[in-house]
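Enquirer: Here you go, this is my_file12.pdb (PDB, N, CA and C atoms).
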ATOM      1  N   ALA A 111      77.476  -2.987 -81.161
ATOM      2  CA  ALA A 111      77.949  -2.447 -82.438
ATOM      3  C   ALA A 111      78.216  -0.954 -82.294
ATOM      4  N   GLY A 112      79.227  -0.488 -82.954
ATOM      5  CA  GLY A 112      79.525   0.934 -82.958
ATOM      6  C   GLY A 112      80.439   1.402 -81.844
ATOM      7  N   ALA A 113      80.806   0.519 -80.945
ATOM      8  CA  ALA A 113      81.695   0.919 -79.853
ATOM      9  C   ALA A 113      83.127   0.998 -80.372
ATOM     10  N   GLY A 114      83.826   2.042 -79.967
ATOM     11  CA  GLY A 114      85.228   2.183 -80.344
ATOM     12  C   GLY A 114      86.099   1.240 -79.535
ATOM     13  N   GLN A 115      87.275   0.949 -80.053
ATOM     14  CA  GLN A 115      88.176   0.011 -79.376
ATOM     15  C   GLN A 115      88.561   0.500 -77.987
ATOM     16  N   THR A 116      88.724   1.808 -77.822
ATOM     17  CA  THR A 116      89.083   2.344 -76.498
ATOM     18  C   THR A 116      87.978   2.062 -75.491
ATOM     19  N   ALA A 117      86.734   2.269 -75.884
ATOM     20  CA  ALA A 117      85.602   2.014 -74.992
ATOM     21  C   ALA A 117      85.512   0.531 -74.656
ATOM     22  N   ILE A 118      85.737  -0.319 -75.648
ATOM     23  CA  ILE A 118      85.700  -1.766 -75.421
ATOM     24  C   ILE A 118      86.790  -2.165 -74.430
ATOM     25  N   ASP A 119      87.996  -1.659 -74.654
ATOM     26  CA  ASP A 119      89.116  -1.980 -73.765
ATOM     27  C   ASP A 119      88.845  -1.523 -72.333
ATOM     28  N   GLU A 120      88.282  -0.325 -72.178
ATOM     29  CA  GLU A 120      87.984   0.198 -70.840
ATOM     30  C   GLU A 120      86.922  -0.646 -70.150
ATOM     31  N   ASP A 121      85.871  -1.013 -70.889
ATOM     32  CA  ASP A 121      84.824  -1.840 -70.302
ATOM     33  C   ASP A 121      85.369  -3.214 -69.914
ATOM     34  N   GLU A 122      86.214  -3.786 -70.771
ATOM     35  CA  GLU A 122      86.787  -5.098 -70.463
ATOM     36  C   GLU A 122      87.680  -5.018 -69.221
ATOM     37  N   GLN A 123      88.443  -3.941 -69.095
ATOM     38  CA  GLN A 123      89.302  -3.786 -67.921
ATOM     39  C   GLN A 123      88.455  -3.665 -66.649
ATOM     40  N   ARG A 124      87.359  -2.917 -66.725
ATOM     41  CA  ARG A 124      86.468  -2.810 -65.562
ATOM     42  C   ARG A 124      85.899  -4.174 -65.191
ATOM     43  N   CYS A 125      85.511  -4.944 -66.206
ATOM     44  CA  CYS A 125      84.963  -6.275 -65.952
ATOM     45  C   CYS A 125      86.020  -7.182 -65.329
ATOM     46  N   ARG A 126      87.264  -7.074 -65.786
ATOM     47  CA  ARG A 126      88.341  -7.896 -65.209
ATOM     48  C   ARG A 126      88.542  -7.561 -63.728
ATOM     49  N   VAL A 127      88.522  -6.274 -63.401
ATOM     50  CA  VAL A 127      88.686  -5.862 -62.002
ATOM     51  C   VAL A 127      87.528  -6.399 -61.169
ATOM     52  N   GLU A 128      86.303  -6.251 -61.676
ATOM     53  CA  GLU A 128      85.132  -6.736 -60.943
ATOM     54  C   GLU A 128      85.207  -8.251 -60.742
ATOM     55  N   ALA A 129      85.624  -8.980 -61.781
ATOM     56  CA  ALA A 129      85.713 -10.442 -61.685
ATOM     57  C   ALA A 129      86.735 -10.857 -60.633
ATOM     58  N   ARG A 130      87.868 -10.157 -60.591
ATOM     59  CA  ARG A 130      88.901 -10.496 -59.593
ATOM     60  C   ARG A 130      88.424 -10.184 -58.188
ATOM     61  N   LEU A 131      87.723  -9.074 -58.021
ATOM     62  CA  LEU A 131      87.214  -8.717 -56.699
ATOM     63  C   LEU A 131      86.170  -9.715 -56.219
ATOM     64  N   GLU A 132      85.354 -10.215 -57.146
ATOM     65  CA  GLU A 132      84.316 -11.179 -56.782
ATOM     66  C   GLU A 132      84.906 -12.495 -56.306
ATOM     67  N   GLN A 133      86.068 -12.870 -56.795
ATOM     68  CA  GLN A 133      86.613 -14.181 -56.458
ATOM     69  C   GLN A 133      87.664 -14.151 -55.371
ATOM     70  N   GLN A 134      87.873 -13.017 -54.714
ATOM     71  CA  GLN A 134      88.854 -12.970 -53.629
ATOM     72  C   GLN A 134      88.441 -13.957 -52.546
ATOM     73  N   PRO A 135      89.246 -14.975 -52.303
ATOM     74  CA  PRO A 135      88.890 -15.968 -51.280
ATOM     75  C   PRO A 135      89.076 -15.399 -49.876
ATOM     76  N   SER A 136      88.292 -15.927 -48.974
ATOM     77  CA  SER A 136      88.476 -15.527 -47.579
ATOM     78  C   SER A 136      89.733 -16.201 -47.052
ATOM     79  N   LEU A 137      90.260 -15.698 -45.974
ATOM     80  CA  LEU A 137      91.466 -16.265 -45.370
ATOM     81  C   LEU A 137      91.246 -17.724 -45.006
ATOM     82  N   ALA A 138      90.076 -18.056 -44.505
ATOM     83  CA  ALA A 138      89.785 -19.436 -44.130
ATOM     84  C   ALA A 138      89.841 -20.353 -45.345
ATOM     85  N   GLN A 139      89.329 -19.894 -46.462
ATOM     86  CA  GLN A 139      89.342 -20.711 -47.674
ATOM     87  C   GLN A 139      90.762 -20.950 -48.164
ATOM     88  N   THR A 140      91.629 -19.961 -48.045
ATOM     89  CA  THR A 140      92.990 -20.126 -48.545
ATOM     90  C   THR A 140      93.800 -21.062 -47.666
ATOM     91  N   GLN A 141      93.418 -21.205 -46.404
ATOM     92  CA  GLN A 141      94.174 -22.053 -45.500
ATOM     93  C   GLN A 141      93.708 -23.501 -45.530
ATOM     94  N   LEU A 142      92.533 -23.759 -46.071
ATOM     95  CA  LEU A 142      92.026 -25.120 -46.143
ATOM     96  C   LEU A 142      92.546 -25.791 -47.399
ATOM     97  N   SER A 143      92.895 -27.027 -47.282
ATOM     98  CA  SER A 143      93.351 -27.791 -48.442
ATOM     99  C   SER A 143      92.199 -28.631 -48.949
ATOM    100  N   SER A 144      91.867 -28.477 -50.209
ATOM    101  CA  SER A 144      90.765 -29.240 -50.781
ATOM    102  C   SER A 144      91.233 -30.574 -51.326
ATOM    103  N   GLY A 145      92.541 -30.800 -51.331
ATOM    104  CA  GLY A 145      93.067 -32.019 -51.909
ATOM    105  C   GLY A 145      93.223 -31.922 -53.409
ATOM    106  N   THR A 146      92.780 -30.821 -53.992
ATOM    107  CA  THR A 146      92.912 -30.608 -55.428
ATOM    108  C   THR A 146      94.278 -30.002 -55.696
ATOM    109  N   PRO A 147      95.002 -30.518 -56.678
ATOM    110  CA  PRO A 147      96.304 -29.935 -56.994
ATOM    111  C   PRO A 147      96.188 -28.443 -57.282
ATOM    112  N   LEU A 148      97.202 -27.699 -56.872
ATOM    113  CA  LEU A 148      97.203 -26.251 -57.034
ATOM    114  C   LEU A 148      96.983 -25.830 -58.476
ATOM    115  N   LEU A 149      97.590 -26.523 -59.414
ATOM    116  CA  LEU A 149      97.448 -26.179 -60.821
ATOM    117  C   LEU A 149      95.997 -26.283 -61.260
ATOM    118  N   ASP A 150      95.313 -27.361 -60.860
ATOM    119  CA  ASP A 150      93.912 -27.537 -61.227
ATOM    120  C   ASP A 150      93.051 -26.433 -60.637
ATOM    121  N   ARG A 151      93.315 -26.064 -59.388
ATOM    122  CA  ARG A 151      92.546 -24.985 -58.763
ATOM    123  C   ARG A 151      92.798 -23.674 -59.480
ATOM    124  N   GLY A 152      94.036 -23.445 -59.899
ATOM    125  CA  GLY A 152      94.360 -22.220 -60.638
ATOM    126  C   GLY A 152      93.657 -22.173 -61.976
ATOM    127  N   GLN A 153      93.627 -23.297 -62.665
ATOM    128  CA  GLN A 153      92.942 -23.349 -63.956
ATOM    129  C   GLN A 153      91.445 -23.131 -63.772
ATOM    130  N   GLU A 154      90.891 -23.726 -62.741
ATOM    131  CA  GLU A 154      89.461 -23.552 -62.472
ATOM    132  C   GLU A 154      89.154 -22.097 -62.134
ATOM    133  N   ARG A 155      90.003 -21.486 -61.323
ATOM    134  CA  ARG A 155      89.819 -20.083 -60.958
ATOM    135  C   ARG A 155      89.879 -19.197 -62.192
ATOM    136  N   ASP A 156      90.859 -19.451 -63.071
ATOM    137  CA  ASP A 156      90.989 -18.661 -64.297
ATOM    138  C   ASP A 156      89.766 -18.815 -65.193
ATOM    139  N   ALA A 157      89.266 -20.040 -65.304
ATOM    140  CA  ALA A 157      88.089 -20.287 -66.139
ATOM    141  C   ALA A 157      86.869 -19.563 -65.574
ATOM    142  N   GLN A 158      86.716 -19.581 -64.249
ATOM    143  CA  GLN A 158      85.595 -18.882 -63.624
ATOM    144  C   GLN A 158      85.720 -17.375 -63.826
ATOM    145  N   GLU A 159      86.937 -16.850 -63.736
ATOM    146  CA  GLU A 159      87.159 -15.417 -63.943
ATOM    147  C   GLU A 159      86.794 -15.029 -65.372
ATOM    148  N   GLU A 160      87.218 -15.821 -66.341
ATOM    149  CA  GLU A 160      86.890 -15.532 -67.741
ATOM    150  C   GLU A 160      85.382 -15.574 -67.970
ATOM    151  N   GLN A 161      84.702 -16.502 -67.309
ATOM    152  CA  GLN A 161      83.249 -16.589 -67.430
ATOM    153  C   GLN A 161      82.594 -15.325 -66.852
ATOM    154  N   ARG A 162      83.092 -14.853 -65.715
ATOM    155  CA  ARG A 162      82.552 -13.622 -65.114
ATOM    156  C   ARG A 162      82.789 -12.417 -66.031
ATOM    157  N   ILE A 163      83.954 -12.378 -66.666
ATOM    158  CA  ILE A 163      84.268 -11.275 -67.569
ATOM    159  C   ILE A 163      83.315 -11.295 -68.762
ATOM    160  N   ARG A 164      83.122 -12.482 -69.352
ATOM    161  CA  ARG A 164      82.196 -12.593 -70.493
ATOM    162  C   ARG A 164      80.797 -12.143 -70.101
ATOM    163  N   GLN A 165      80.332 -12.576 -68.921
ATOM    164  CA  GLN A 165      78.995 -12.201 -68.464
ATOM    165  C   GLN A 165      78.901 -10.695 -68.249
ATOM    166  N   CYS A 166      79.922 -10.118 -67.650
ATOM    167  CA  CYS A 166      79.955  -8.675 -67.414
ATOM    168  C   CYS A 166      79.872  -7.915 -68.742
ATOM    169  N   MET A 167      80.650  -8.359 -69.722
ATOM    170  CA  MET A 167      80.644  -7.686 -71.026
ATOM    171  C   MET A 167      79.285  -7.833 -71.707
ATOM    172  N   GLN A 168      78.671  -8.993 -71.584
ATOM    173  CA  GLN A 168      77.336  -9.183 -72.149
ATOM    174  C   GLN A 168      76.326  -8.272 -71.458
ATOM    175  N   ASN A 169      76.468  -8.117 -70.139
ATOM    176  CA  ASN A 169      75.575  -7.226 -69.392
ATOM    177  C   ASN A 169      75.724  -5.778 -69.850
ATOM    178  N   LYS A 170      76.897  -5.441 -70.379
ATOM    179  CA  LYS A 170      77.144  -4.087 -70.897
ATOM    180  C   LYS A 170      76.691  -3.942 -72.346
ATOM    181  N   GLY A 171      76.183  -5.028 -72.928
ATOM    182  CA  GLY A 171      75.644  -4.972 -74.284
ATOM    183  C   GLY A 171      76.552  -5.511 -75.370
ATOM    184  N   TYR A 172      77.690  -6.071 -74.990
ATOM    185  CA  TYR A 172      78.609  -6.640 -75.989
ATOM    186  C   TYR A 172      78.182  -8.075 -76.292
ATOM    187  N   SER A 173      78.427  -8.509 -77.501
ATOM    188  CA  SER A 173      78.176  -9.900 -77.867
ATOM    189  C   SER A 173      79.484 -10.660 -77.842
ATOM    190  N   ALA A 174      79.381 -11.973 -77.743
ATOM    191  CA  ALA A 174      80.575 -12.817 -77.687
ATOM    192  C   ALA A 174      81.344 -12.714 -78.993
ATOM    193  N   LYS A 175      82.692 -12.764 -78.884
ATOM    194  CA  LYS A 175      83.540 -12.762 -80.072
ATOM    195  C   LYS A 175      83.345 -14.048 -80.841
ATOM    196  N   ARG A 176      83.394 -13.946 -82.123
ATOM    197  CA  ARG A 176      83.258 -15.152 -82.960
ATOM    198  C   ARG A 176      84.487 -15.334 -83.766
TER     199      ARG A 176
END
Translate this file's structure into structure tokens.
Expert:
Amino acid sequence: AGAGQTAIDEDEQRCRVEARLEQQPSLAQTQLSSGTPLLDRGQERDAQEEQRIRQCMQNKGYSAKR
């Protein structure tokens, strides 16, 4: 509570960068085929990234949007 929109936006951007850095696959992982369609893997990756962002924001003291 009490955080300005600029501070919220900056914290969210930092969390997005951290989430993307955490999920960078190794070269070996990108070359292996899991048999999962690319679209499904992309959706799963996006969902995991959003989860990391939410966790990061909560760690900074923000509550989930309602």
Enquirer: Need to verify the contact set: Gly171 (chain A), 12 Å, only C-alpha atoms, exclusion of same-chain residues closer than 2 positions in sequence. Can you return it as number ranges by chain?
Expert: A: 111-113, 118, 121-122, 164-169, 173-174
Enquirer: For a test of reading the model, state the distance in Å between CA of Arg126 (chain A) and atom C of Gln161 (chain A), rounded to one decimal.
Expert: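 Interatomic distance, CA of Arg126 (chain A) to atom C of Gln161 (chain A): 9.5 Å.
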Enquirer: Measure the distance from CA of Glu154 (chain A) to CA of Gln133 (chain A) in Å and round it to one decimal.
Expert: 11.5 Å
Enquirer: Work out how far atom C of Ala117 (chain A) is from atom N of Tyr172 (chain A), in Å to one decimal.
Expert: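 For atom N of Tyr172 (chain A) relative to atom C of Ala117 (chain A), the distance reads 10.2 Å.
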